[in-house]
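> Provided herewith: model.cif, mmCIF, C-alpha atoms.
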```cif
data_work
loop_
_atom_site.label_atom_id
_atom_site.label_comp_id
_atom_site.auth_asym_id
_atom_site.auth_seq_id
_atom_site.Cartn_x
_atom_site.Cartn_y
_atom_site.Cartn_z
CA MET A 1 23.86 5.13 -31.75
CA LEU A 2 22.83 1.72 -33.04
CA ARG A 3 24.80 0.06 -30.25
CA VAL A 4 22.95 2.09 -27.60
CA GLN A 5 19.61 1.09 -29.13
CA ARG A 6 20.63 -2.58 -29.10
CA MET A 7 21.69 -2.32 -25.46
CA ARG A 8 18.35 -0.74 -24.58
CA LEU A 9 16.50 -3.45 -26.46
CA LEU A 10 18.46 -6.17 -24.67
CA ALA A 11 17.79 -4.52 -21.32
CA ALA A 12 14.08 -4.26 -22.11
CA CYS A 13 14.00 -7.93 -23.12
CA ALA A 14 15.74 -8.93 -19.89
CA VAL A 15 13.22 -6.98 -17.83
CA PHE A 16 10.31 -8.43 -19.81
CA SER A 17 11.68 -11.95 -19.36
CA THR A 18 12.05 -11.44 -15.63
CA ILE A 19 8.50 -10.12 -15.34
CA THR A 20 7.17 -12.96 -17.44
CA VAL A 21 8.94 -15.61 -15.38
CA THR A 22 8.26 -14.13 -11.92
CA GLY A 23 5.12 -12.08 -12.47
CA CYS A 24 1.52 -12.80 -13.26
CA THR A 25 1.07 -16.07 -15.08
CA GLY A 26 -2.54 -15.37 -15.93
CA ARG A 27 -3.66 -18.32 -13.82
CA PRO A 28 -5.91 -17.38 -10.90
CA ALA A 29 -4.57 -17.83 -7.40
CA SER A 30 -6.30 -20.21 -5.05
CA VAL A 31 -8.68 -18.66 -2.55
CA ALA A 32 -6.30 -19.51 0.31
CA SER A 33 -3.38 -17.92 -1.53
CA TRP A 34 -5.42 -14.81 -2.28
CA GLN A 35 -6.48 -14.58 1.36
CA SER A 36 -2.87 -14.85 2.49
CA SER A 37 -1.58 -12.20 0.07
CA SER A 38 -4.51 -9.91 0.89
CA ASP A 39 -3.86 -10.29 4.60
CA ARG A 40 -0.16 -9.55 4.09
CA ALA A 41 -0.81 -6.45 1.97
CA ILE A 42 -3.48 -5.12 4.33
CA GLY A 43 -1.14 -5.73 7.28
CA GLU A 44 1.62 -3.77 5.57
CA ALA A 45 -0.78 -0.89 4.88
CA LEU A 46 -1.94 -0.93 8.51
CA SER A 47 1.66 -0.84 9.66
CA GLY A 48 2.45 2.07 7.35
CA LEU A 49 -0.56 4.01 8.57
CA GLY A 50 0.42 3.33 12.17
CA THR A 51 3.90 4.67 11.43
CA ALA A 52 2.42 7.77 9.79
CA ARG A 53 0.16 8.35 12.80
CA LEU A 54 3.08 8.05 15.19
CA ALA A 55 5.16 10.44 13.07
CA ILE A 56 2.38 13.04 13.24
CA LYS A 57 2.18 12.68 17.01
CA LEU A 58 5.96 12.99 17.37
CA GLU A 59 6.04 16.02 15.10
CA THR A 60 3.22 17.86 16.84
CA ARG A 61 4.74 17.22 20.27
CA ASP A 62 8.22 18.18 19.03
CA ARG A 63 9.53 14.80 20.22
CA ALA A 64 11.61 13.91 17.16
CA PRO A 65 13.68 15.80 14.62
CA HIS A 66 11.61 17.05 11.71
CA THR A 67 13.76 15.21 9.17
CA TYR A 68 13.29 11.97 11.07
CA THR A 69 9.50 12.12 10.88
CA VAL A 70 9.55 12.89 7.15
CA VAL A 71 12.02 10.10 6.37
CA THR A 72 10.11 7.65 8.56
CA VAL A 73 6.87 8.25 6.66
CA THR A 74 8.72 8.13 3.34
CA ASP A 75 10.10 4.72 4.28
CA ALA A 76 6.61 3.54 5.25
CA ILE A 77 5.30 4.67 1.86
CA GLU A 78 8.05 2.81 0.02
CA SER A 79 7.54 -0.38 1.99
CA SER A 80 3.76 -0.30 1.64
CA SER A 81 3.95 0.58 -2.05
CA LYS A 82 6.14 -2.44 -2.77
CA GLU A 83 3.73 -4.79 -1.02
CA VAL A 84 0.71 -3.19 -2.71
CA SER A 85 2.38 -3.42 -6.12
CA THR A 86 3.17 -7.10 -5.60
CA TYR A 87 -0.42 -7.70 -4.54
CA GLN A 88 -1.93 -5.89 -7.49
CA VAL A 89 -0.06 -7.81 -10.19
CA ALA A 90 -1.30 -11.18 -8.93
CA GLN A 91 -4.33 -12.77 -10.57
CA PRO A 92 -7.18 -13.21 -8.07
CA PRO A 93 -9.45 -16.26 -8.05
CA ASP A 94 -12.20 -15.93 -10.65
CA SER A 95 -14.86 -15.80 -7.93
CA LEU A 96 -13.12 -12.96 -6.08
CA HIS A 97 -12.58 -10.27 -8.71
CA ARG A 98 -14.96 -7.89 -6.93
CA ALA A 99 -13.32 -8.56 -3.55
CA ASN A 100 -9.89 -8.05 -5.09
CA LYS A 101 -10.98 -4.69 -6.46
CA VAL A 102 -12.25 -3.60 -3.02
CA VAL A 103 -8.99 -4.65 -1.35
CA GLY A 104 -6.92 -3.00 -4.07
CA GLN A 105 -8.80 0.29 -3.70
CA ALA A 106 -8.40 0.25 0.08
CA LEU A 107 -4.66 -0.36 -0.32
CA ASP A 108 -4.42 2.52 -2.81
CA ASP A 109 -6.29 4.73 -0.34
CA ALA A 110 -3.82 3.81 2.41
CA VAL A 111 -0.77 4.66 0.31
CA SER A 112 -2.38 7.92 -0.82
CA LEU A 113 -3.08 8.89 2.77
CA MET A 114 0.52 8.15 3.74
CA VAL A 115 1.62 10.44 0.91
CA ASP A 116 -0.71 13.15 2.23
CA VAL A 117 0.91 12.77 5.66
CA ARG A 118 4.42 12.99 4.23
CA VAL A 119 3.55 16.10 2.24
CA ALA A 120 1.99 17.71 5.31
CA LEU A 121 5.01 16.83 7.44
CA ALA A 122 7.53 17.98 4.85
CA SER A 123 5.82 21.31 4.43
CA PRO A 124 6.34 23.81 7.20
CA GLY A 125 2.78 24.21 8.27
CA LEU A 126 1.47 21.12 10.03
CA THR A 127 -0.95 22.78 12.41
CA ALA A 128 -2.70 21.21 15.37
CA ALA A 129 -5.94 21.20 13.36
CA SER A 130 -4.39 19.62 10.25
CA ALA A 131 -2.63 17.04 12.42
CA ARG A 132 -5.94 16.14 14.10
CA GLY A 133 -7.58 15.86 10.69
CA LEU A 134 -4.87 13.54 9.38
CA VAL A 135 -5.00 11.38 12.53
CA ALA A 136 -8.79 11.11 12.20
CA ARG A 137 -8.45 10.05 8.56
CA ILE A 138 -5.79 7.49 9.50
CA ASP A 139 -7.92 6.08 12.31
CA ALA A 140 -10.96 5.77 10.05
CA LEU A 141 -8.98 4.03 7.31
CA ARG A 142 -7.28 1.72 9.80
CA LYS A 143 -10.72 0.69 11.08
CA LYS A 144 -11.88 0.08 7.51
CA LEU A 145 -8.76 -1.99 6.77
CA ASP A 146 -9.17 -4.01 9.99
CA ASP A 147 -12.76 -4.81 9.06
CA LEU A 148 -11.74 -5.64 5.51
CA ASP A 149 -8.98 -7.93 6.74
CA SER A 150 -11.43 -9.78 8.97
CA ALA A 151 -13.80 -10.27 6.03
CA VAL A 152 -10.98 -11.39 3.72
CA THR A 153 -9.81 -14.03 6.17
CA THR A 154 -13.21 -15.31 7.31
CA SER A 155 -15.59 -14.78 4.38
CA PRO A 156 -13.78 -13.63 1.22
CA GLY A 157 -16.86 -14.03 -0.95
CA SER A 158 -18.68 -11.39 1.08
CA VAL A 159 -16.09 -8.68 0.41
CA GLY A 160 -17.53 -6.02 -1.84
CA THR A 161 -21.09 -7.33 -1.84
CA SER A 162 -22.60 -4.70 0.45
#
```
Once more with this new file: its structure as structure tokens, please.

Amino acid sequence: MLRVQRMRLLAACAVFSTITVTGCTGRPASVASWQSSSDRAIGEALSGLGTARLAIKLETRDRAPHTYTVVTVTDAIESSSKEVSTYQVAQPPDSLHRANKVVGQALDDAVSLMVDVRVALASPGLTAASARGLVARIDALRKKLDDLDSAVTTSPGSVGTS
């Protein structure tokens, strides 16, 4: 029993050391670095939402196996979640905390919507109306993310001020 506890403690220390060395240092990123990581994370979310939209279309038109559409959206969620997680552990520039919060919330919204799509696809009951509703939500969020990405890359200080 004591040996198992020691092994767990050593494993926890190894994980903590890895996080400490590779994770957030507590020092703010430069504005350019924050812009680049924001652009990358938003791009990944846009890609995931595009994949989810396509999966809905394929499913409603019976153009792909059901399992394929579910797995495809699941993969998009996993990929987007990794990028979002990496983004959210970084320290933003001191002047962009509000902008970072806005971007982080939009990224969370994107992953949540992808999860909603996967759940709807996995459940036997994706109707034409529910598919239209999900596509409309995806399109609206993609527009929001496109606008946010433009603001992040051209005027990061304006993000979250209106």
> Please write the residues picked by the PyMOL selection byres ((chain A and resi 145-159) around 8) on this file as a JSON list (two decimals) with C-alpha atoms, in the frame of the given file.

```json
[["chain", "number", "residue", "atom", "x", "y", "z"],
["A", 35, "GLN", "CA", -6.48, -14.58, 1.36],
["A", 36, "SER", "CA", -2.87, -14.85, 2.49],
["A", 38, "SER", "CA", -4.51, -9.91, 0.89],
["A", 39, "ASP", "CA", -3.86, -10.29, 4.60],
["A", 42, "ILE", "CA", -3.48, -5.12, 4.33],
["A", 46, "LEU", "CA", -1.94, -0.93, 8.51],
["A", 95, "SER", "CA", -14.86, -15.80, -7.93],
["A", 96, "LEU", "CA", -13.12, -12.96, -6.08],
["A", 98, "ARG", "CA", -14.96, -7.89, -6.93],
["A", 99, "ALA", "CA", -13.32, -8.56, -3.55],
["A", 102, "VAL", "CA", -12.25, -3.60, -3.02],
["A", 103, "VAL", "CA", -8.99, -4.65, -1.35],
["A", 106, "ALA", "CA", -8.40, 0.25, 0.08],
["A", 141, "LEU", "CA", -8.98, 4.03, 7.31],
["A", 142, "ARG", "CA", -7.28, 1.72, 9.80],
["A", 143, "LYS", "CA", -10.72, 0.69, 11.08],
["A", 144, "LYS", "CA", -11.88, 0.08, 7.51],
["A", 160, "GLY", "CA", -17.53, -6.02, -1.84],
["A", 161, "THR", "CA", -21.09, -7.33, -1.84],
["A", 162, "SER", "CA", -22.60, -4.70, 0.45]]
```
> Neighbours of Thr51 of chain A within 10 Å (all atoms listed in the file; same-chain residues fewer than 2 positions away dropped), as a VMD selection string?
chain A and resid 45 to 49 53 to 57 69 72 to 73 75 to 77 114
> Nearest residue to Leu107 of chain A out of A:Ala129, A:Val84, A:Ala64, A:Leu58, using all atoms listed in the file?
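Of A:Ala129, A:Val84, A:Ala64, A:Leu58, the one nearest Leu107 of chain A is A:Val84, counting all atoms listed in the file.
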> To one decimal place in Å, what is the distance between atom CA of Ala41 of chain A and atom CA of His66 of chain A?
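If I compute the distance from atom CA of Ala41 of chain A to atom CA of His66 of chain A, I get 28.3 Å.
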> Would you pick out the contacts of Pro28 of chain A at 6 Å or less, using all atoms listed in the file, so that residues sharing its chain but fewer than 2 positions from it are not included, and give the list as a list of chain:residue names?
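In the requested form, the answer reads A:Gln91, A:Pro92, A:Pro93.
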> Just how far from atom CA of Lys101 of chain A is atom CA of Val119 of chain A, in Å to one decimal?
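Between atom CA of Val119 of chain A and atom CA of Lys101 of chain A the gap works out to 26.8 Å.
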> Could you tell me which residues the PyMOL selection byres ((chain A and resi 90) around 8) returns for this structure, as a ChimeraX atom specification?
/A:23-24,28-29,86-89,91-92
> Just give me the gap between atom CA of Val115 of chain A and atom CA of Asn100 of chain A in Å, one decimal is fine.
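These two atoms are separated by 22.6 Å.
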> Just checking: using only C-alpha atoms, which residue out of A:Arg40, A:Arg137, A:Arg27, A:Arg132 ends up closest to Ser112 of chain A?
A:Arg137
> If we count only C-alpha atoms and set the cut-off at 12 Å, which residues sit around Pro124 of chain A, ignoring sequence neighbours fewer than 3 positions away in its own chain? Please answer as a PyMOL selection string.
chain A and resi 59-60+66-67+70+118-121+127+130
> Which is closest to Ala52 of chain A among A:Thr74, A:His97, A:Ser79, A:Ser85, if we use only C-alpha atoms?
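The answer is A:Thr74, which sits nearest to Ala52 of chain A.
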> Please extract segment 58-94 of chain A and write it out with N, CA and C atoms, as a CSV table (one decimal), in the first residue's frame.

```csv
chain,number,residue,atom,x,y,z
A,58,LEU,N,-24.4,16.0,-44.2
A,58,LEU,CA,-24.3,14.7,-44.6
A,58,LEU,C,-25.3,13.7,-44.0
A,59,GLU,N,-25.5,13.9,-42.7
A,59,GLU,CA,-26.4,13.1,-42.0
A,59,GLU,C,-27.9,13.3,-42.5
A,60,THR,N,-28.3,14.5,-42.6
A,60,THR,CA,-29.6,14.8,-43.0
A,60,THR,C,-29.9,14.4,-44.5
A,61,ARG,N,-28.9,14.3,-45.3
A,61,ARG,CA,-29.1,13.9,-46.7
A,61,ARG,C,-28.7,12.4,-46.9
A,62,ASP,N,-28.4,11.8,-45.8
A,62,ASP,CA,-28.1,10.3,-45.8
A,62,ASP,C,-27.0,10.1,-46.8
A,63,ARG,N,-25.9,10.9,-46.7
A,63,ARG,CA,-24.8,10.8,-47.6
A,63,ARG,C,-23.6,10.2,-47.0
A,64,ALA,N,-23.6,9.8,-45.7
A,64,ALA,CA,-22.5,9.2,-45.0
A,64,ALA,C,-23.1,8.3,-44.0
A,65,PRO,N,-22.3,7.3,-43.6
A,65,PRO,CA,-22.8,6.4,-42.5
A,65,PRO,C,-22.9,7.2,-41.2
A,66,HIS,N,-23.9,6.8,-40.5
A,66,HIS,CA,-24.2,7.5,-39.2
A,66,HIS,C,-23.0,7.5,-38.3
A,67,THR,N,-22.3,6.4,-38.2
A,67,THR,CA,-21.2,6.3,-37.3
A,67,THR,C,-20.1,7.3,-37.7
A,68,TYR,N,-19.9,7.4,-39.0
A,68,TYR,CA,-18.9,8.3,-39.6
A,68,TYR,C,-19.2,9.8,-39.1
A,69,THR,N,-20.4,10.2,-39.2
A,69,THR,CA,-20.7,11.6,-38.9
A,69,THR,C,-20.4,11.8,-37.4
A,70,VAL,N,-20.8,10.9,-36.5
A,70,VAL,CA,-20.6,11.0,-35.1
A,70,VAL,C,-19.1,11.0,-34.8
A,71,VAL,N,-18.4,10.1,-35.3
A,71,VAL,CA,-16.9,10.1,-35.1
A,71,VAL,C,-16.2,11.3,-35.6
A,72,THR,N,-16.7,11.8,-36.7
A,72,THR,CA,-16.1,13.0,-37.3
A,72,THR,C,-16.2,14.2,-36.4
A,73,VAL,N,-17.4,14.4,-35.9
A,73,VAL,CA,-17.7,15.5,-35.0
A,73,VAL,C,-16.9,15.3,-33.6
A,74,THR,N,-16.9,14.1,-33.2
A,74,THR,CA,-16.1,13.8,-32.0
A,74,THR,C,-14.6,14.1,-32.1
A,75,ASP,N,-14.1,13.8,-33.3
A,75,ASP,CA,-12.7,14.2,-33.6
A,75,ASP,C,-12.5,15.7,-33.6
A,76,ALA,N,-13.5,16.4,-34.2
A,76,ALA,CA,-13.4,17.8,-34.2
A,76,ALA,C,-13.4,18.4,-32.8
A,77,ILE,N,-14.2,17.8,-32.0
A,77,ILE,CA,-14.3,18.3,-30.6
A,77,ILE,C,-13.0,18.1,-29.9
A,78,GLU,N,-12.4,16.9,-30.1
A,78,GLU,CA,-11.1,16.6,-29.4
A,78,GLU,C,-10.0,17.6,-29.9
A,79,SER,N,-9.9,17.8,-31.2
A,79,SER,CA,-8.9,18.7,-31.7
A,79,SER,C,-9.1,20.1,-31.3
A,80,SER,N,-10.3,20.6,-31.3
A,80,SER,CA,-10.6,22.0,-30.9
A,80,SER,C,-10.4,22.1,-29.4
A,81,SER,N,-10.8,21.1,-28.6
A,81,SER,CA,-10.6,21.2,-27.2
A,81,SER,C,-9.1,21.3,-26.8
A,82,LYS,N,-8.3,20.6,-27.5
A,82,LYS,CA,-6.8,20.6,-27.2
A,82,LYS,C,-6.3,22.0,-27.5
A,83,GLU,N,-6.7,22.6,-28.6
A,83,GLU,CA,-6.2,23.9,-28.9
A,83,GLU,C,-6.7,25.0,-28.0
A,84,VAL,N,-8.0,24.8,-27.6
A,84,VAL,CA,-8.6,25.8,-26.6
A,84,VAL,C,-7.9,25.7,-25.3
A,85,SER,N,-7.6,24.4,-24.8
A,85,SER,CA,-7.0,24.2,-23.6
A,85,SER,C,-5.6,24.9,-23.6
A,86,THR,N,-4.9,24.7,-24.6
A,86,THR,CA,-3.5,25.3,-24.7
A,86,THR,C,-3.6,26.8,-24.7
A,87,TYR,N,-4.6,27.3,-25.4
A,87,TYR,CA,-4.8,28.8,-25.4
A,87,TYR,C,-5.1,29.3,-24.0
A,88,GLN,N,-6.0,28.6,-23.3
A,88,GLN,CA,-6.5,29.1,-22.0
A,88,GLN,C,-5.5,29.0,-20.9
A,89,VAL,N,-4.4,28.3,-21.0
A,89,VAL,CA,-3.5,28.2,-19.9
A,89,VAL,C,-2.4,29.3,-20.1
A,90,ALA,N,-2.3,29.9,-21.2
A,90,ALA,CA,-1.3,30.9,-21.5
A,90,ALA,C,-1.7,32.2,-20.8
A,91,GLN,N,-0.7,33.0,-20.4
A,91,GLN,CA,-0.9,34.3,-19.7
A,91,GLN,C,-1.0,35.4,-20.7
A,92,PRO,N,-2.2,36.1,-20.8
A,92,PRO,CA,-2.3,37.1,-21.8
A,92,PRO,C,-1.5,38.4,-21.4
A,93,PRO,N,-1.3,39.3,-22.4
A,93,PRO,CA,-0.7,40.5,-22.0
A,93,PRO,C,-1.5,41.3,-21.0
A,94,ASP,N,-0.9,42.0,-20.1
A,94,ASP,CA,-1.7,42.7,-19.1
A,94,ASP,C,-2.8,43.6,-19.6
```
